[in-house]
Structures are given as structure tokens and as C-alpha cells.
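> Got a structure for you, structure_4.cif, holding mmCIF, C-alpha atoms.
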data_work
loop_
_atom_site.group_PDB
_atom_site.id
_atom_site.type_symbol
_atom_site.label_atom_id
_atom_site.label_comp_id
_atom_site.auth_asym_id
_atom_site.auth_seq_id
_atom_site.Cartn_x
_atom_site.Cartn_y
_atom_site.Cartn_z
ATOM 1 C CA MET A 1 56.525 248.130 138.751
ATOM 2 C CA ALA A 2 57.631 244.544 139.291
ATOM 3 C CA ASN A 3 60.881 243.272 137.819
ATOM 4 C CA ALA A 4 60.295 242.807 134.078
ATOM 5 C CA SER A 5 63.240 240.389 133.742
ATOM 6 C CA VAL A 6 61.439 237.438 135.333
ATOM 7 C CA SER A 7 60.188 234.546 133.217
ATOM 8 C CA PRO A 8 56.964 235.210 131.295
ATOM 9 C CA SER A 9 56.003 231.498 131.268
ATOM 10 C CA VAL A 10 53.259 232.155 133.837
ATOM 11 C CA ARG A 11 51.335 235.396 133.594
ATOM 12 C CA GLY A 12 48.693 236.275 136.147
ATOM 13 C CA ARG A 13 46.455 239.307 136.067
ATOM 14 C CA PHE A 14 44.479 241.753 138.139
ATOM 15 C CA ALA A 15 41.395 243.258 136.519
ATOM 16 C CA PRO A 16 39.510 245.668 138.799
ATOM 17 C CA SER A 17 36.413 247.598 137.759
ATOM 18 C CA PRO A 18 36.820 251.330 138.483
ATOM 19 C CA THR A 19 33.423 251.768 140.108
ATOM 20 C CA GLY A 20 34.841 252.695 143.511
ATOM 21 C CA ARG A 21 37.977 252.478 145.620
ATOM 22 C CA LEU A 22 39.709 249.185 146.265
ATOM 23 C CA HIS A 23 38.574 247.205 149.295
ATOM 24 C CA ALA A 24 39.939 244.223 151.208
ATOM 25 C CA GLY A 25 38.343 241.684 148.864
ATOM 26 C CA ASN A 26 40.021 243.216 145.809
ATOM 27 C CA VAL A 27 43.386 243.340 147.543
ATOM 28 C CA PHE A 28 43.040 239.744 148.734
ATOM 29 C CA SER A 29 42.325 238.425 145.227
ATOM 30 C CA TYR A 30 45.241 240.320 143.754
ATOM 31 C CA LEU A 31 47.586 239.302 146.555
ATOM 32 C CA VAL A 32 46.912 235.614 145.869
ATOM 33 C CA ALA A 33 47.217 236.136 142.095
ATOM 34 C CA TYR A 34 50.544 237.868 142.694
ATOM 35 C CA ILE A 35 51.815 235.071 144.943
ATOM 36 C CA VAL A 36 50.774 232.336 142.481
ATOM 37 C CA ALA A 37 52.457 234.057 139.533
ATOM 38 C CA HIS A 38 55.640 235.065 141.316
ATOM 39 C CA ARG A 39 56.174 231.695 142.943
ATOM 40 C CA ALA A 40 56.264 230.303 139.410
ATOM 41 C CA GLY A 41 58.754 232.983 138.333
ATOM 42 C CA GLY A 42 56.070 234.683 136.281
ATOM 43 C CA THR A 43 54.622 238.121 135.648
ATOM 44 C CA ILE A 44 51.426 240.092 136.212
ATOM 45 C CA ALA A 45 49.216 241.980 133.767
ATOM 46 C CA LEU A 46 46.964 244.818 134.909
ATOM 47 C CA ARG A 47 43.648 245.492 133.222
ATOM 48 C CA ILE A 48 41.076 248.165 134.056
ATOM 49 C CA GLU A 49 37.640 246.699 133.310
ATOM 50 C CA ASP A 50 35.797 249.914 132.494
ATOM 51 C CA LEU A 51 33.316 248.427 130.029
ATOM 52 C CA ASP A 52 30.368 250.102 131.746
ATOM 53 C CA PRO A 53 30.632 253.843 131.026
ATOM 54 C CA GLN A 54 27.799 254.662 133.430
ATOM 55 C CA ARG A 55 29.503 253.201 136.506
ATOM 56 C CA SER A 56 33.206 253.396 135.648
ATOM 57 C CA LYS A 57 35.013 256.580 136.659
ATOM 58 C CA PRO A 58 38.533 257.655 135.576
ATOM 59 C CA GLU A 59 39.266 258.956 139.064
ATOM 60 C CA PHE A 60 38.728 255.473 140.510
ATOM 61 C CA ALA A 61 41.037 253.957 137.897
ATOM 62 C CA GLN A 62 43.771 256.421 138.837
ATOM 63 C CA ALA A 63 43.169 255.802 142.537
ATOM 64 C CA CYS A 64 43.560 252.064 141.923
ATOM 65 C CA LEU A 65 46.999 252.584 140.377
ATOM 66 C CA ARG A 66 48.074 254.723 143.335
ATOM 67 C CA ASP A 67 46.727 252.205 145.853
ATOM 68 C CA LEU A 68 48.533 249.302 144.195
ATOM 69 C CA ASP A 69 51.751 251.292 144.182
ATOM 70 C CA TYR A 70 51.280 252.039 147.892
ATOM 71 C CA LEU A 71 50.704 248.349 148.657
ATOM 72 C CA GLY A 72 53.747 247.240 146.671
ATOM 73 C CA LEU A 73 51.608 245.124 144.354
ATOM 74 C CA GLY A 74 53.187 245.976 141.027
ATOM 75 C CA TRP A 75 52.550 244.733 137.517
ATOM 76 C CA ASP A 76 54.593 244.041 134.400
ATOM 77 C CA VAL A 77 52.118 244.505 131.537
ATOM 78 C CA GLY A 78 49.491 247.220 131.155
ATOM 79 C CA PRO A 79 47.386 248.797 132.346
ATOM 80 C CA LEU A 80 45.033 247.900 129.510
ATOM 81 C CA TYR A 81 41.725 249.784 129.505
ATOM 82 C CA GLN A 82 38.710 247.889 128.199
ATOM 83 C CA SER A 83 37.066 251.141 127.122
ATOM 84 C CA MET A 84 39.801 251.405 124.475
ATOM 85 C CA ARG A 85 39.330 247.865 123.182
ATOM 86 C CA THR A 86 36.006 248.054 121.340
ATOM 87 C CA GLU A 87 37.481 247.217 117.931
ATOM 88 C CA ALA A 88 39.137 244.044 119.250
ATOM 89 C CA TYR A 89 35.829 242.893 120.734
ATOM 90 C CA ARG A 90 33.998 243.765 117.516
ATOM 91 C CA GLN A 91 36.386 241.625 115.462
ATOM 92 C CA ALA A 92 35.896 238.638 117.770
ATOM 93 C CA PHE A 93 32.126 239.177 117.732
ATOM 94 C CA HIS A 94 31.953 239.222 113.927
ATOM 95 C CA ASN A 95 34.138 236.121 113.793
ATOM 96 C CA LEU A 96 31.398 234.311 115.711
ATOM 97 C CA VAL A 97 28.558 235.935 113.741
ATOM 98 C CA ASP A 98 30.114 234.926 110.417
ATOM 99 C CA ARG A 99 30.174 231.301 111.587
ATOM 100 C CA GLY A 100 26.456 231.310 112.375
ATOM 101 C CA LEU A 101 26.982 231.013 116.129
ATOM 102 C CA VAL A 102 25.169 234.193 117.189
ATOM 103 C CA TYR A 103 21.516 235.193 117.100
ATOM 104 C CA PRO A 104 19.441 238.171 118.276
ATOM 105 C CA CYS A 105 17.591 237.796 121.568
ATOM 106 C CA PHE A 106 14.457 239.832 122.218
ATOM 107 C CA CYS A 107 13.897 238.629 125.799
ATOM 108 C CA SER A 108 13.971 241.004 128.722
ATOM 109 C CA ARG A 109 15.634 240.026 131.988
ATOM 110 C CA ALA A 110 12.180 239.342 133.402
ATOM 111 C CA ASP A 111 11.407 237.072 130.427
ATOM 112 C CA VAL A 112 14.570 235.057 131.031
ATOM 113 C CA HIS A 113 13.828 234.638 134.729
ATOM 114 C CA ALA A 114 10.217 233.671 134.075
ATOM 115 C CA ALA A 115 11.201 230.976 131.552
ATOM 116 C CA SER A 116 13.899 229.302 133.631
ATOM 117 C CA ALA A 117 14.574 228.012 137.106
ATOM 118 C CA PRO A 118 17.854 229.098 138.704
ATOM 119 C CA HIS A 119 20.723 226.615 138.555
ATOM 120 C CA ARG A 120 23.856 226.560 140.740
ATOM 121 C CA GLY A 121 22.795 229.225 143.154
ATOM 122 C CA GLU A 122 21.302 232.337 141.589
ATOM 123 C CA LYS A 123 22.384 231.617 138.005
ATOM 124 C CA PHE A 124 19.475 231.501 135.558
ATOM 125 C CA VAL A 125 19.730 229.218 132.537
ATOM 126 C CA TYR A 126 18.506 230.704 129.285
ATOM 127 C CA ALA A 127 15.762 228.530 127.808
ATOM 128 C CA GLY A 128 16.709 229.191 124.184
ATOM 129 C CA THR A 129 13.493 231.105 123.520
ATOM 130 C CA CYS A 130 14.856 233.126 120.586
ATOM 131 C CA ARG A 131 17.280 230.587 119.122
ATOM 132 C CA ASN A 132 14.826 228.917 116.742
ATOM 133 C CA LEU A 133 12.629 231.840 115.737
ATOM 134 C CA THR A 134 11.734 231.938 112.055
ATOM 135 C CA GLU A 135 12.946 234.826 109.916
ATOM 136 C CA ASP A 136 9.427 236.253 109.921
ATOM 137 C CA GLU A 137 9.228 236.022 113.720
ATOM 138 C CA ARG A 138 12.597 237.732 114.091
ATOM 139 C CA ALA A 139 11.604 240.475 111.676
ATOM 140 C CA SER A 140 8.357 241.075 113.561
ATOM 141 C CA ARG A 141 10.078 241.272 116.935
ATOM 142 C CA MET A 142 12.775 243.504 115.512
ATOM 143 C CA ARG A 143 10.181 245.968 114.228
ATOM 144 C CA HIS A 144 8.494 245.959 117.629
ATOM 145 C CA LEU A 145 11.768 246.746 119.417
ATOM 146 C CA GLN A 146 12.771 249.399 116.925
ATOM 147 C CA ALA A 147 9.409 251.115 117.408
ATOM 148 C CA GLN A 148 10.391 251.434 121.074
ATOM 149 C CA GLY A 149 13.835 252.743 120.179
ATOM 150 C CA ARG A 150 15.502 249.556 121.400
ATOM 151 C CA SER A 151 17.756 246.862 119.955
ATOM 152 C CA PRO A 152 18.049 243.139 120.687
ATOM 153 C CA SER A 153 20.897 241.622 122.642
ATOM 154 C CA MET A 154 23.032 238.946 120.956
ATOM 155 C CA ARG A 155 23.511 235.411 122.272
ATOM 156 C CA LEU A 156 26.114 232.756 121.531
ATOM 157 C CA ILE A 157 24.858 229.246 120.754
ATOM 158 C CA VAL A 158 26.347 226.669 123.136
ATOM 159 C CA PRO A 159 26.770 222.941 122.534
ATOM 160 C CA ASP A 160 25.572 220.049 124.681
ATOM 161 C CA ARG A 161 29.069 219.680 126.085
ATOM 162 C CA THR A 162 30.538 219.466 129.560
ATOM 163 C CA TYR A 163 33.579 221.543 130.393
ATOM 164 C CA VAL A 164 35.646 220.470 133.392
ATOM 165 C CA ILE A 165 37.767 222.990 135.274
ATOM 166 C CA ASP A 166 40.500 221.765 137.611
ATOM 167 C CA ASP A 167 40.548 224.775 139.859
ATOM 168 C CA LEU A 168 43.645 225.505 141.921
ATOM 169 C CA PHE A 169 41.594 226.100 145.076
ATOM 170 C CA GLN A 170 38.076 224.764 144.478
ATOM 171 C CA GLY A 171 39.027 221.479 142.838
ATOM 172 C CA ARG A 172 37.034 219.893 140.020
ATOM 173 C CA TYR A 173 34.173 221.959 138.648
ATOM 174 C CA ALA A 174 32.032 220.653 135.790
ATOM 175 C CA GLN A 175 29.344 222.451 133.818
ATOM 176 C CA ASN A 176 27.300 221.282 130.865
ATOM 177 C CA LEU A 177 26.843 224.411 128.797
ATOM 178 C CA ALA A 178 23.446 223.428 127.400
ATOM 179 C CA VAL A 179 22.013 222.279 130.744
ATOM 180 C CA ASP A 180 23.697 224.520 133.310
ATOM 181 C CA CYS A 181 24.214 227.692 131.302
ATOM 182 C CA GLY A 182 22.293 227.992 128.051
ATOM 183 C CA ASP A 183 23.100 230.345 125.202
ATOM 184 C CA PHE A 184 24.748 233.352 126.805
ATOM 185 C CA LEU A 185 25.035 237.039 126.002
ATOM 186 C CA ILE A 186 28.068 238.335 124.158
ATOM 187 C CA CYS A 187 26.603 241.726 123.240
ATOM 188 C CA ARG A 188 24.062 243.651 125.291
ATOM 189 C CA SER A 189 21.005 245.407 123.932
ATOM 190 C CA ASP A 190 22.742 248.765 124.392
ATOM 191 C CA GLY A 191 25.529 247.646 122.043
ATOM 192 C CA ALA A 192 28.147 247.071 124.740
ATOM 193 C CA PHE A 193 30.110 243.844 124.425
ATOM 194 C CA ALA A 194 29.553 241.464 127.321
ATOM 195 C CA TYR A 195 32.065 240.617 130.023
ATOM 196 C CA GLN A 196 32.523 237.009 128.893
ATOM 197 C CA LEU A 197 33.687 238.014 125.419
ATOM 198 C CA ALA A 198 35.803 240.960 126.543
ATOM 199 C CA VAL A 199 37.676 239.063 129.248
ATOM 200 C CA VAL A 200 38.593 236.196 126.919
ATOM 201 C CA VAL A 201 39.832 238.543 124.189
ATOM 202 C CA ASP A 202 41.833 240.595 126.683
ATOM 203 C CA ASP A 203 43.367 237.625 128.500
ATOM 204 C CA ALA A 204 44.671 236.391 125.137
ATOM 205 C CA ALA A 205 45.930 239.847 124.136
ATOM 206 C CA GLN A 206 47.841 240.232 127.407
ATOM 207 C CA GLY A 207 49.263 236.711 127.350
ATOM 208 C CA VAL A 208 47.484 235.726 130.568
ATOM 209 C CA THR A 209 47.909 232.068 131.531
ATOM 210 C CA SER A 210 46.811 232.152 135.191
ATOM 211 C CA VAL A 211 43.541 233.681 136.406
ATOM 212 C CA VAL A 212 43.028 234.053 140.163
ATOM 213 C CA ARG A 213 39.802 235.754 141.272
ATOM 214 C CA GLY A 214 36.796 235.415 143.585
ATOM 215 C CA VAL A 215 34.841 232.173 143.773
ATOM 216 C CA ASP A 216 31.688 233.985 142.646
ATOM 217 C CA LEU A 217 33.132 233.863 139.112
ATOM 218 C CA LEU A 218 33.820 230.115 139.083
ATOM 219 C CA SER A 219 30.652 229.416 137.091
ATOM 220 C CA SER A 220 31.912 231.703 134.302
ATOM 221 C CA CYS A 221 34.911 229.480 133.545
ATOM 222 C CA PRO A 222 33.175 227.006 131.188
ATOM 223 C CA GLN A 223 31.736 229.828 129.062
ATOM 224 C CA GLN A 224 35.159 231.411 128.860
ATOM 225 C CA ALA A 225 36.832 228.103 128.010
ATOM 226 C CA TYR A 226 34.264 227.603 125.231
ATOM 227 C CA LEU A 227 34.987 231.072 123.821
ATOM 228 C CA GLN A 228 38.720 230.358 124.010
ATOM 229 C CA ASP A 229 38.138 227.265 121.892
ATOM 230 C CA LEU A 230 35.992 229.112 119.350
ATOM 231 C CA LEU A 231 38.440 231.998 118.981
ATOM 232 C CA GLY A 232 41.552 229.798 118.841
ATOM 233 C CA PHE A 233 43.016 230.887 122.184
ATOM 234 C CA GLU A 234 44.815 228.684 124.687
ATOM 235 C CA HIS A 235 42.977 227.726 127.866
ATOM 236 C CA VAL A 236 44.197 229.385 131.050
ATOM 237 C CA SER A 237 44.531 227.908 134.523
ATOM 238 C CA TYR A 238 42.034 229.051 137.156
ATOM 239 C CA GLY A 239 42.145 229.550 140.887
ATOM 240 C CA HIS A 240 39.060 230.885 142.666
ATOM 241 C CA VAL A 241 39.670 232.252 146.143
ATOM 242 C CA PRO A 242 37.126 232.511 148.967
ATOM 243 C CA LEU A 243 35.086 235.678 149.232
ATOM 244 C CA LEU A 244 35.739 237.912 152.191
ATOM 245 C CA VAL A 245 32.422 238.417 153.956
ATOM 246 C CA SER A 246 31.175 240.409 156.923
ATOM 247 C CA ARG A 247 30.106 238.670 160.120
ATOM 248 C CA THR A 248 26.565 238.642 158.712
ATOM 249 C CA ASP A 249 27.799 236.686 155.637
ATOM 250 C CA ARG A 250 27.393 239.706 153.376
ATOM 251 C CA ARG A 251 30.073 239.878 150.709
ATOM 252 C CA LEU A 252 32.448 242.803 151.158
ATOM 253 C CA SER A 253 31.947 245.533 148.601
ATOM 254 C CA LYS A 254 32.985 249.091 147.907
ATOM 255 C CA ARG A 255 30.156 250.153 150.229
ATOM 256 C CA ASP A 256 31.813 248.463 153.234
ATOM 257 C CA HIS A 257 33.811 251.345 154.596
ATOM 258 C CA ASP A 258 35.518 249.300 157.313
ATOM 259 C CA ALA A 259 37.170 247.263 154.519
ATOM 260 C CA SER A 260 37.995 250.212 152.241
ATOM 261 C CA ILE A 261 41.581 250.956 151.378
ATOM 262 C CA ASP A 262 41.450 254.318 153.171
ATOM 263 C CA GLN A 263 40.019 252.812 156.346
ATOM 264 C CA MET A 264 42.577 249.988 156.276
ATOM 265 C CA ARG A 265 45.387 252.508 155.921
ATOM 266 C CA ALA A 266 44.055 254.333 158.969
ATOM 267 C CA THR A 267 43.582 251.127 160.983
ATOM 268 C CA TYR A 268 46.741 249.176 160.130
ATOM 269 C CA GLY A 269 49.117 252.078 159.521
ATOM 270 C CA SER A 270 51.155 250.725 156.623
ATOM 271 C CA ALA A 271 51.025 248.636 153.473
ATOM 272 C CA ALA A 272 52.657 245.750 155.347
ATOM 273 C CA GLY A 273 50.053 246.090 158.084
ATOM 274 C CA ILE A 274 47.215 245.826 155.578
ATOM 275 C CA LEU A 275 48.710 242.865 153.707
ATOM 276 C CA GLY A 276 49.606 241.049 156.898
ATOM 277 C CA HIS A 277 46.086 241.442 158.271
ATOM 278 C CA ILE A 278 44.444 240.259 155.045
ATOM 279 C CA ALA A 279 46.754 237.234 154.924
ATOM 280 C CA PHE A 280 45.910 236.463 158.561
ATOM 281 C CA VAL A 281 42.149 236.727 158.010
ATOM 282 C CA ALA A 282 42.484 234.372 155.036
ATOM 283 C CA GLY A 283 44.456 231.864 157.126
ATOM 284 C CA MET A 284 47.577 232.247 155.005
ATOM 285 C CA VAL A 285 49.767 233.235 157.968
ATOM 286 C CA PRO A 286 49.466 232.245 161.652
ATOM 287 C CA GLU A 287 49.889 235.711 163.167
ATOM 288 C CA ASP A 288 48.282 239.094 162.565
ATOM 289 C CA ARG A 289 51.420 241.112 162.010
ATOM 290 C CA PRO A 290 52.818 243.294 159.204
ATOM 291 C CA ALA A 291 54.156 241.427 156.173
ATOM 292 C CA THR A 292 55.570 242.709 152.919
ATOM 293 C CA VAL A 293 54.616 241.347 149.507
ATOM 294 C CA ASP A 294 57.972 239.581 149.211
ATOM 295 C CA GLU A 295 57.549 237.959 152.624
ATOM 296 C CA LEU A 296 54.124 236.651 151.652
ATOM 297 C CA VAL A 297 55.393 235.324 148.323
ATOM 298 C CA ALA A 298 57.996 233.407 150.295
ATOM 299 C CA HIS A 299 55.955 232.196 153.258
ATOM 300 C CA ALA A 300 52.165 232.469 152.820
ATOM 301 C CA ASP A 301 50.323 229.135 153.080
ATOM 302 C CA LEU A 302 47.798 228.955 150.232
ATOM 303 C CA SER A 303 46.503 225.540 151.312
ATOM 304 C CA SER A 304 44.123 227.336 153.695
ATOM 305 C CA LEU A 305 42.171 228.505 150.626
ATOM 306 C CA SER A 306 41.469 225.051 149.229
ATOM 307 C CA GLY A 307 37.815 224.030 149.212
ATOM 308 C CA CYS A 308 36.795 227.221 150.999
ATOM 309 C CA ILE A 309 34.236 229.645 149.602
ATOM 310 C CA GLN A 310 34.311 232.401 152.221
ATOM 311 C CA LYS A 311 36.389 233.928 154.980
ATOM 312 C CA VAL A 312 35.005 236.294 157.604
ATOM 313 C CA TRP A 313 36.573 239.746 157.514
ATOM 314 C CA LYS A 314 37.715 240.957 160.919
ATOM 315 C CA ALA A 315 38.487 244.653 160.926
#
Translate this structure into C-alpha cells?

Amino acid sequence: MANASVSPSVRGRFAPSPTGRLHAGNVFSYLVAYIVAHRAGGTIALRIEDLDPQRSKPEFAQACLRDLDYLGLGWDVGPLYQSMRTEAYRQAFHNLVDRGLVYPCFCSRADVHAASAPHRGEKFVYAGTCRNLTEDERASRMRHLQAQGRSPSMRLIVPDRTYVIDDLFQGRYAQNLAVDCGDFLICRSDGAFAYQLAVVVDDAAQGVTSVVRGVDLLSSCPQQAYLQDLLGFEHVSYGHVPLLVSRTDRRLSKRDHDASIDQMRATYGSAAGILGHIAFVAGMVPEDRPATVDELVAHADLSSLSGCIQKVWKA
């Protein structure tokens, strides 16, 4: 574990999903989060995002803890397991329901895609199809779903308001919730609470003030800022790092064995070898040589991440 006596004024976090072993992209995101927090004299919270019981496996969660210990990337708070947090999410959900901000959505994924053009890459904007249904229309659609043994999902009403994020690495990012997002899911049709709600509730519970993660999640920031406002939580600062991609521009994933933690251990021989190589690939250090966490906190150049959305992984 990291030294718990440091100032808690800045608290970063690492929140992996236990659907496989860590890979270079996971380690890179956490390394930068760790550097940002510790340069400010802050702390780190660990969260295991095991909301999806079908894909999340306890053995991967345990492997993550061992891998982080091996790499020297400790934490001060947690680990917090989302699978144990259902009641906290339910309370936040009912807070929003009681204020008339939530409605049932009967649309399938195909319905949503058919009714909307994609905005900002592959993000589809919900057209509000179910927002203004009459009570009779809702009752009819509910009966139809129930006859199929299904339930509706639940969406949060968004305002015609622009949220501006001053991202540590990507600069200014603006999104009008009504135009660029639409009413978004906070509870799935299977009853599971959605990522956007869970992450906001958990960041507040763990005292997180600094979120560093992959740039693919930049477009989620305005929704999360909106939920923070609704639930009375403080906004956090954001920093979205480039994605590590293969030479064919495919994002690294748990399926990329050359970037897996086990393969990196075999290739680079030590935790310092792995961290030094990742820092070199990201342009944070000028030489591909072993570097400890403390050395990177002291010397890594994070300016190489500014305005960049991807870095090519070189095994």
C-alpha cells in the first residue's frame, strides 16, 4: 500500500473491470493517475468495477490486486467492489425518480440506433422516443414487455444545457446534453444500475477528486457532471490519456496477448522494466529503460500526452 500519511486534498482512483488480466493500456492509465495524484501530495482509491456479473470474475479481481502489488502501484483507499454497492445506487436512483427526472424506456438498442444518427464518433443520441408517452401508452407498452418476460430500462431526463470540461490532457471539451447526448440510461432493462450512475456515486463515496482514464471515456464527463449536480456531489477534475493502440490502430484489449501483464513480465523482466517501457511508448521518458514508480513520479514528462488521442504500442 502507498503511504497513508500523505495529504488527502487530491484523491485519484483506479477502477478496473475484472473481465480479464491487466494489460498495458490499464497499467498506463493507472500510472498517469498515480503520477498526477502523488505529484499533488495526494492519495489513490481503488475500485473494482464488477457491475456485470456475467463478465466479471473474482479470480481476475484477485489477479489485479497481485499485479498492482508487483508493479508497485499501491493504493490508499479500498478496494471497493461495485457488486457490493447496490443499495447505494438504489438510493441515488430513487432520489432521481422521486424528483420526476426518470422515465421507463421501451426501446431496444436497434430502436435507438434507427431513430438517431451517431454524434461524436460512434455515440448515438437518444431521440427521446419514450419521454413523452401518455400514461395509457406506457401501460400498453409495459404489458407488452411483461408478456415477453422483460422490463423497461430507465432513462434520466437531461436539460438543454452545455457542460464544459477543462481536461488536463485534452483541453476544452463541450457537450450539450440535449443535442449531443440525449436522455441516458441509469438502470438497464435487466435491473442493473448503469455505469454513469454507479461511477458518480462511488467517486463521491471514495472522496475522489481527480479522475484520469482513457480518452474513449471523455464523452461521458458531461453526463457524470450533470449527475454530480443532481445528487449534490462536488465536480471532479478530469484527465483523459491517449489510448494505446496496435500498429493497425486497434485499441489494446485483454485479448492482445503481447500487451498482457504476463507477457510484459516475460519480455521486460521486472516491474521497473514494464513501467519504463510503457512510459517510453507514451513519450513520458526519452529512453526505453527500467524505471520505478517513484522515479516516474519525479521525472516523467506528462506534456507528451496533451492533445493526443493515441499512442502506438511497441512490444
> To one decimal in Å, tell me the separation between atom CA of Val212 of chain A and atom CA of Ala24 of chain A.
15.3 Å
> Which residues match the PyMOL selection byres ((chain A and resi 207) around 9) in the file above, as a ChimeraX atom specification?
/A:8,10-12,45,202-206,208-209
> Just checking: using all atoms listed in the file, which residue out of A:Ser189, A:Val77, A:Ala88, A:Ala139 ends up closest to Cys107 of chain A?
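Of all the options, A:Ser189 lies closest to Cys107 of chain A.
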> Env of Leu275 of chain A: 7 Å cut, atoms = all atoms listed in the file, seq-sep filter 4 positions within chain, self excluded. Answer as a CSV table (one decimal) with C-alpha atoms, in the coordinates of the input.

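File out35.csv, as written:
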chain,number,residue,atom,x,y,z
A,271,ALA,CA,51.0,248.6,153.5
A,279,ALA,CA,46.8,237.2,154.9
A,290,PRO,CA,52.8,243.3,159.2
A,291,ALA,CA,54.2,241.4,156.2
A,292,THR,CA,55.6,242.7,152.9
> If we count all atoms listed in the file, what is near Met284 of chain A at a cut-off of 9 Å, once residues fewer than 2 positions away on the same chain are taken out, given as JSON, numbers by chain?
{"A": [278, 279, 280, 281, 282, 286, 296, 299, 300, 301, 302, 303, 304, 305]}
> Which residue is closest to Asp76 of chain A? Choose from A:Leu46, A:Ile157, A:Ala298, A:Ile165 and count only C-alpha atoms.
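Among the listed residues, A:Leu46 lies closest to Asp76 of chain A.
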> Quick one: pull the distance between atom CA of Leu227 of chain A and atom CA of Met142 of chain A, Å, one decimal.
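Interatomic distance here is 26.8 Å.
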> Up to 12 Å from (52.9, 247.6, 140.4) in the file's coordinates: name the residues, counting all atoms listed in the file, as a VMD selection string.
chain A and resid 1 to 4 13 to 14 30 to 31 34 43 to 47 64 to 79 293
